[in-house]
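**Q** Pasting data19.txt here (compact mmCIF, C-alpha atoms):
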```txt
# COMPACT_ATOMS: atom_id res chain seq x y z
CA MET A 1 26.91 11.80 -8.95
CA THR A 2 27.88 10.05 -5.70
CA LEU A 3 31.45 10.13 -4.41
CA GLU A 4 32.85 6.62 -3.90
CA SER A 5 35.17 5.79 -1.00
CA GLU A 6 38.18 5.71 -3.39
CA GLU A 7 37.41 9.27 -4.49
CA LEU A 8 37.13 10.40 -0.86
CA GLU A 9 40.59 8.96 -0.19
CA GLU A 10 41.99 10.98 -3.10
CA LEU A 11 40.95 14.28 -1.53
CA GLU A 12 44.13 15.81 -0.20
CA ASP A 13 42.58 18.02 2.45
CA TYR A 14 39.30 17.13 4.11
CA GLU A 15 37.67 16.98 7.50
CA SER A 16 35.01 14.42 8.41
CA ASN A 17 32.35 14.23 11.11
CA PHE A 18 28.85 12.73 11.36
CA VAL A 19 25.76 14.96 11.00
CA MET A 20 21.99 14.46 10.89
CA PRO A 21 19.55 15.99 8.37
CA GLY A 22 19.12 19.71 9.03
CA ASP A 23 22.42 20.14 10.88
CA PHE A 24 24.51 23.24 10.06
CA VAL A 25 27.66 22.36 8.10
CA GLY A 26 28.98 25.74 6.96
CA THR A 27 28.25 29.10 5.38
CA THR A 28 28.31 30.19 1.74
CA GLU A 29 30.99 32.70 2.72
CA GLU A 30 33.27 29.76 3.54
CA TYR A 31 32.18 27.00 1.16
CA ILE A 32 30.35 26.04 -1.99
CA PRO A 33 27.42 23.68 -1.16
CA GLY A 34 28.09 20.17 -2.47
CA GLU A 35 26.06 16.98 -2.69
CA GLY A 36 23.92 16.00 0.30
CA THR A 37 23.47 19.64 1.36
CA TYR A 38 21.02 22.50 0.93
CA MET A 39 21.38 26.24 1.33
CA TYR A 40 19.15 28.54 3.39
CA HIS A 41 19.81 32.23 4.12
CA GLY A 42 23.53 31.88 3.42
CA ASN A 43 23.94 28.80 5.61
CA ILE A 44 24.62 25.28 4.37
CA HIS A 45 22.76 22.40 6.07
CA SER A 46 22.89 18.63 5.78
CA LEU A 47 20.18 17.00 3.66
CA VAL A 48 21.09 13.47 4.82
CA ALA A 49 22.60 11.61 7.76
CA GLY A 50 26.25 11.06 6.96
CA ASP A 51 29.79 12.37 7.09
CA VAL A 52 30.78 15.96 6.36
CA VAL A 53 33.55 16.19 3.80
CA VAL A 54 35.32 19.50 3.20
CA ASP A 55 37.42 19.77 0.05
CA ASP A 56 39.90 22.57 0.70
CA ASN A 57 40.99 22.60 -2.95
CA SER A 58 37.54 23.46 -4.34
CA ARG A 59 36.31 25.09 -1.08
CA SER A 60 33.22 22.86 -1.13
CA VAL A 61 31.40 21.04 1.66
CA SER A 62 29.41 17.85 1.08
CA VAL A 63 27.61 15.29 3.22
CA ILE A 64 28.21 11.72 2.12
CA PRO A 65 25.53 9.16 3.18
CA ASN A 66 26.83 6.17 5.13
CA THR A 67 25.08 3.64 2.91
CA LYS A 68 25.03 2.46 -0.68
CA THR A 69 21.85 0.35 -0.69
CA PRO A 70 18.55 2.22 -0.38
CA PRO A 71 16.00 0.56 1.93
CA SER A 72 12.47 -0.30 0.81
CA ILE A 73 9.43 1.28 2.47
CA LYS A 74 6.44 -0.66 3.77
CA GLU A 75 3.25 0.25 5.60
CA GLY A 76 3.82 0.80 9.32
CA ASP A 77 7.49 1.81 8.96
CA ILE A 78 8.64 4.75 11.08
CA VAL A 79 10.53 7.18 8.85
CA ILE A 80 12.59 10.33 9.33
CA GLY A 81 12.62 13.29 6.95
CA GLY A 82 12.65 17.03 6.52
CA ILE A 83 9.67 19.26 5.79
CA THR A 84 10.16 20.84 2.35
CA ASP A 85 6.80 22.60 1.91
CA VAL A 86 3.64 23.33 3.91
CA ARG A 87 0.39 23.91 2.01
CA ASP A 88 -3.21 24.39 3.16
CA SER A 89 -4.01 20.69 3.61
CA VAL A 90 -0.72 18.83 3.20
CA ALA A 91 2.90 19.02 4.37
CA ILE A 92 5.54 17.64 2.02
CA VAL A 93 8.35 15.62 3.60
CA GLY A 94 11.64 14.62 2.00
CA LEU A 95 12.17 11.12 3.42
CA GLU A 96 15.74 10.34 4.48
CA ALA A 97 15.78 7.14 6.57
CA ILE A 98 13.74 4.32 8.11
CA LYS A 99 13.89 3.66 11.86
CA ASP A 100 15.68 0.40 12.83
CA GLU A 101 17.38 0.12 9.44
CA GLY A 102 20.77 0.82 10.96
CA GLU A 103 22.90 3.09 8.82
CA ARG A 104 20.73 2.63 5.72
CA GLU A 105 19.15 5.78 4.39
CA PHE A 106 17.90 6.85 0.98
CA GLN A 107 20.50 8.01 -1.52
CA GLU A 108 18.10 10.76 -2.61
CA SER A 109 15.31 12.39 -0.67
CA ARG A 110 11.95 10.72 -1.48
CA PRO A 111 8.85 12.95 -1.23
CA ALA A 112 6.01 11.90 1.07
CA ALA A 113 2.94 13.74 2.36
CA ILE A 114 1.26 14.34 5.72
CA HIS A 115 -2.40 15.21 5.13
CA VAL A 116 -4.01 17.60 7.62
CA SER A 117 -6.29 14.74 8.80
CA ASN A 118 -3.25 12.62 9.80
CA VAL A 119 -1.35 15.20 11.85
CA LYS A 120 -2.83 14.47 15.29
CA ASP A 121 -5.93 13.16 17.06
CA ALA A 122 -7.48 16.62 17.22
CA TYR A 123 -8.77 19.26 14.85
CA VAL A 124 -6.01 21.11 12.99
CA LYS A 125 -6.98 24.67 12.10
CA LYS A 126 -3.76 25.68 10.32
CA LEU A 127 -1.18 23.19 9.10
CA SER A 128 1.47 25.94 9.34
CA ASP A 129 0.97 25.81 13.15
CA GLU A 130 2.05 22.15 13.12
CA PHE A 131 5.00 22.10 10.69
CA ALA A 132 7.42 24.53 9.05
CA PRO A 133 9.99 24.10 6.27
CA PHE A 134 13.27 22.52 7.44
CA ASP A 135 11.64 20.81 10.47
CA ILE A 136 12.94 17.28 10.99
CA VAL A 137 9.97 14.95 11.52
CA LYS A 138 9.29 11.35 12.47
CA GLY A 139 6.20 9.79 10.92
CA LYS A 140 4.54 6.43 10.25
CA ILE A 141 3.91 5.16 6.72
CA LYS A 142 0.14 4.86 6.16
CA SER A 143 0.46 3.93 2.49
CA ALA A 144 3.71 2.75 0.90
CA LYS A 145 2.17 3.15 -2.56
CA ASN A 146 1.22 6.81 -2.12
CA LEU A 147 3.92 7.57 0.49
CA SER A 148 1.43 9.11 2.91
CA LEU A 149 2.45 9.62 6.54
CA SER A 150 0.79 9.99 9.92
CA THR A 151 2.16 11.86 12.94
CA SER A 152 -0.85 11.30 15.19
CA GLU A 153 0.96 9.20 17.83
CA ASP A 154 2.69 11.00 20.73
CA SER A 155 6.12 9.71 19.70
CA LEU A 156 5.67 11.06 16.16
CA GLY A 157 5.96 14.61 14.87
CA VAL A 158 8.66 17.28 14.86
CA MET A 159 11.95 16.08 16.37
CA LYS A 160 13.96 19.22 15.60
CA ALA A 161 12.77 22.66 14.50
CA TYR A 162 14.40 25.94 13.61
CA CYS A 163 13.21 29.41 14.53
CA THR A 164 11.43 31.00 11.57
CA ASN A 165 12.89 34.34 12.66
CA CYS A 166 16.63 33.67 13.20
CA ARG A 167 17.04 29.98 12.13
CA ASN A 168 18.45 28.83 15.51
CA ALA A 169 17.43 25.40 16.81
CA MET A 170 14.32 25.68 18.98
CA GLU A 171 14.09 24.25 22.52
CA LYS A 172 11.01 22.55 23.97
CA ASP A 173 9.12 24.73 26.44
CA ASN A 174 6.12 22.74 27.73
CA ASN A 175 3.87 22.20 24.69
CA LYS A 176 5.55 24.92 22.57
CA LEU A 177 9.00 25.64 21.20
CA LYS A 178 11.15 28.61 22.20
CA CYS A 179 14.17 30.07 20.46
CA PRO A 180 17.08 30.48 22.91
CA ASN A 181 18.55 33.18 20.66
CA CYS A 182 15.69 35.63 19.94
CA GLY A 183 13.07 34.38 22.42
CA LYS A 184 10.35 33.73 19.80
CA THR A 185 7.85 30.99 20.67
CA GLU A 186 6.26 28.80 18.01
CA LYS A 187 3.78 25.95 17.84
CA ARG A 188 4.46 22.56 16.27
CA LYS A 189 3.13 18.99 16.39
CA ILE A 190 6.00 18.04 18.71
CA SER A 191 7.26 14.47 19.07
CA SER A 192 7.62 13.23 22.65
CA ASP A 193 11.26 12.57 21.66
CA TYR A 194 11.87 16.20 20.64
CA GLY A 195 15.44 17.30 21.19
CA THR A 196 16.61 13.96 22.59
CA GLY A 197 18.23 12.65 19.41
CA ILE A 198 16.31 9.39 19.94
CA ILE A 199 14.74 8.12 16.75
```
In structure tokens, what does this structure look like?

**A**
Amino acid sequence: MTLESEELEELEDYESNFVMPGDFVGTTEEYIPGEGTYMYHGNIHSLVAGDVVVDDNSRSVSVIPNTKTPPSIKEGDIVIGGITDVRDSVAIVGLEAIKDEGEREFQESRPAAIHVSNVKDAYVKKLSDEFAPFDIVKGKIKSAKNLSLSTSEDSLGVMKAYCTNCRNAMEKDNNKLKCPNCGKTEKRKISSDYGTGII
């Protein structure tokens, strides 16, 4: 069920601010995860780009997308999504938005796949060295029918990643990522736009 703007106005106590997919929005000690969110290790993160809404009456936190009309996908589109699973030969991405479609994103995450052969223009030994669950990635649609993606261009790949040890946002350190909290370094197929917020 999606909250309509009239229902949002009826909430007596709420706070609102804009977040991107993967952003931290609260903890399970404070809130119950609502629509547009997911839970990981006791923290609640945004599943979509939208506004955070806290309902103080039910102690829930939700993220409400800023659009009502889902865009259509075509070959060549640049899309943004979050990695949901990494297997031996394919990474699964929950698609959230299309570049240059303004504030239009999908109402529900749509699954797409990055095959190991489409990650980069070099041999990939382990797909888990290129992507990890909860990474935010930018990819190009190779097939709209099969929802297959490529990240082989320099501007494509991981735009935001979280430390697999402590879940802090990783910072770019040359061609690797480093956690400013615990110091762990990790590899990824990093987008040239990593950490800039530029889609």

**Q** Provide the CA of Lys178 in chain A to CA of Val158 in chain A distance in Å, to one decimal place.

**A** 13.7 Å

**Q** CA of Lys187 in chain A and CA of Ile44 in chain A, how far apart in Å?

**A**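 These atoms are spaced 24.8 Å apart.
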
**Q** Give me, as a ChimeraX atom specification, all polymer residues having an atom no more than 10 Å from range 160-171 of chain A, counting all atoms listed in the file and skipping those fewer than 2 positions away in the same chain.

**A** /A:21-24,40-41,43,82-83,131-138,157-158,173-174,176-186,188,190-191,193-197

**Q** Could you jot down the CA of Ser117 in chain A to CA of Met20 in chain A separation for me, Å, one decimal place?

**A** 28.4 Å

**Q** Around the point (30.1, 23.6, -0.7) (coordinates from the file), which residues reach within 6 Å if we count only C-alpha atoms? Answer as number ranges by chain.

**A** A: 31-34, 60-61

**Q** Using all atoms listed in the file, find the one residue out of A:Asp77, A:Ser148, A:Lys140, A:His45 that sits nearest to Ala91 in chain A.

**A** A:Ser148

**Q** Looking at all atoms listed in the file, which of A:Leu149, A:Ile114, A:Val53, A:Leu156 is the one that sits closest to Glu75 in chain A?

**A**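 Nearest to Glu75 in chain A: A:Leu149.
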
**Q** Looking at A:Val52, A:Val63, A:Leu127, A:Ala122, which one is nearest to Ser89 in chain A, with distances taken over only C-alpha atoms?

**A**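 Checking each of A:Val52, A:Val63, A:Leu127, A:Ala122 against Ser89 in chain A, counting only C-alpha atoms, the winner is A:Leu127.
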
**Q** Pick the closest to Gly81 in chain A from A:Gly42, A:Asn175, A:Ile141, A:Glu35: which is it, counting all atoms listed in the file?

**A**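 Ranked by minimum distance to Gly81 in chain A, first place goes to A:Ile141.
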
**Q** Write out as a ChimeraX atom specification each polymer residue whose atoms come within 6 Å of Ile78 in chain A, counting only C-alpha atoms; drop sequence neighbours fewer than 3 positions from it.

**A** /A:98-99,139-140

**Q** Draw an axis-aligned box tight on the listed atoms of range 46-61 of chain A, then pad every side by 4 Å and write out centre and edge lengths in Å to one decimal as lines of an AutoDock Vina configuration file.

**A**
```
center_x = 30.6
center_y = 18.1
center_z = 1.7
size_x = 28.8
size_y = 22.0
size_z = 20.1
```

**Q** Using only C-alpha atoms, which of the listed residues (A:Ile73, A:Val124, A:Ile80, A:Val19) sits closest to Ser143 in chain A?

**A**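 Using only C-alpha atoms, Ser143 in chain A sits closest to A:Ile73.
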
**Q** Counting all atoms listed in the file, figure out which residue out of A:Ala113, A:Thr37, A:Leu47, A:Asn146 gets nearest to Ile92 in chain A.

**A**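 Checking each of A:Ala113, A:Thr37, A:Leu47, A:Asn146 against Ile92 in chain A, counting all atoms listed in the file, the winner is A:Ala113.
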
**Q** Would you mind writing range 18-30 of chain A with N, CA, C and O atoms, as a PDB file, keeping the file's coordinate frame?

**A**
```
ATOM      1  N   PHE A  18      30.210  13.196  11.633  1.00  0.00           N
ATOM      2  CA  PHE A  18      28.850  12.730  11.360  1.00  0.00           C
ATOM      3  C   PHE A  18      27.829  13.818  11.692  1.00  0.00           C
ATOM      4  O   PHE A  18      27.926  14.482  12.714  1.00  0.00           O
ATOM      5  N   VAL A  19      26.845  13.993  10.788  1.00  0.00           N
ATOM      6  CA  VAL A  19      25.760  14.960  11.000  1.00  0.00           C
ATOM      7  C   VAL A  19      24.436  14.312  10.650  1.00  0.00           C
ATOM      8  O   VAL A  19      24.375  13.306   9.937  1.00  0.00           O
ATOM      9  N   MET A  20      23.358  14.904  11.174  1.00  0.00           N
ATOM     10  CA  MET A  20      21.990  14.460  10.890  1.00  0.00           C
ATOM     11  C   MET A  20      21.347  15.459   9.918  1.00  0.00           C
ATOM     12  O   MET A  20      21.822  16.572   9.775  1.00  0.00           O
ATOM     13  N   PRO A  21      20.228  15.050   9.259  1.00  0.00           N
ATOM     14  CA  PRO A  21      19.550  15.990   8.370  1.00  0.00           C
ATOM     15  C   PRO A  21      19.176  17.286   9.104  1.00  0.00           C
ATOM     16  O   PRO A  21      18.695  17.249  10.225  1.00  0.00           O
ATOM     17  N   GLY A  22      19.432  18.408   8.450  1.00  0.00           N
ATOM     18  CA  GLY A  22      19.120  19.710   9.030  1.00  0.00           C
ATOM     19  C   GLY A  22      20.265  20.352   9.785  1.00  0.00           C
ATOM     20  O   GLY A  22      20.219  21.555  10.071  1.00  0.00           O
ATOM     21  N   ASP A  23      21.303  19.576  10.123  1.00  0.00           N
ATOM     22  CA  ASP A  23      22.420  20.140  10.880  1.00  0.00           C
ATOM     23  C   ASP A  23      23.197  21.160  10.038  1.00  0.00           C
ATOM     24  O   ASP A  23      23.377  21.002   8.832  1.00  0.00           O
ATOM     25  N   PHE A  24      23.682  22.205  10.688  1.00  0.00           N
ATOM     26  CA  PHE A  24      24.510  23.240  10.060  1.00  0.00           C
ATOM     27  C   PHE A  24      25.874  22.650   9.722  1.00  0.00           C
ATOM     28  O   PHE A  24      26.500  22.012  10.567  1.00  0.00           O
ATOM     29  N   VAL A  25      26.342  22.877   8.483  1.00  0.00           N
ATOM     30  CA  VAL A  25      27.660  22.360   8.100  1.00  0.00           C
ATOM     31  C   VAL A  25      28.606  23.451   7.600  1.00  0.00           C
ATOM     32  O   VAL A  25      29.791  23.184   7.388  1.00  0.00           O
ATOM     33  N   GLY A  26      28.092  24.672   7.405  1.00  0.00           N
ATOM     34  CA  GLY A  26      28.980  25.740   6.960  1.00  0.00           C
ATOM     35  C   GLY A  26      28.181  26.914   6.413  1.00  0.00           C
ATOM     36  O   GLY A  26      26.948  26.896   6.395  1.00  0.00           O
ATOM     37  N   THR A  27      28.901  27.943   5.978  1.00  0.00           N
ATOM     38  CA  THR A  27      28.250  29.100   5.380  1.00  0.00           C
ATOM     39  C   THR A  27      28.721  29.253   3.941  1.00  0.00           C
ATOM     40  O   THR A  27      29.793  28.754   3.574  1.00  0.00           O
ATOM     41  N   THR A  28      27.937  29.968   3.140  1.00  0.00           N
ATOM     42  CA  THR A  28      28.310  30.190   1.740  1.00  0.00           C
ATOM     43  C   THR A  28      29.478  31.163   1.630  1.00  0.00           C
ATOM     44  O   THR A  28      30.075  31.274   0.562  1.00  0.00           O
ATOM     45  N   GLU A  29      29.796  31.853   2.724  1.00  0.00           N
ATOM     46  CA  GLU A  29      30.990  32.700   2.720  1.00  0.00           C
ATOM     47  C   GLU A  29      32.251  31.856   2.788  1.00  0.00           C
ATOM     48  O   GLU A  29      33.302  32.254   2.305  1.00  0.00           O
ATOM     49  N   GLU A  30      32.124  30.658   3.395  1.00  0.00           N
ATOM     50  CA  GLU A  30      33.270  29.760   3.540  1.00  0.00           C
ATOM     51  C   GLU A  30      33.373  28.733   2.423  1.00  0.00           C
ATOM     52  O   GLU A  30      34.458  28.431   1.938  1.00  0.00           O
TER      53      GLU A  30
END
```
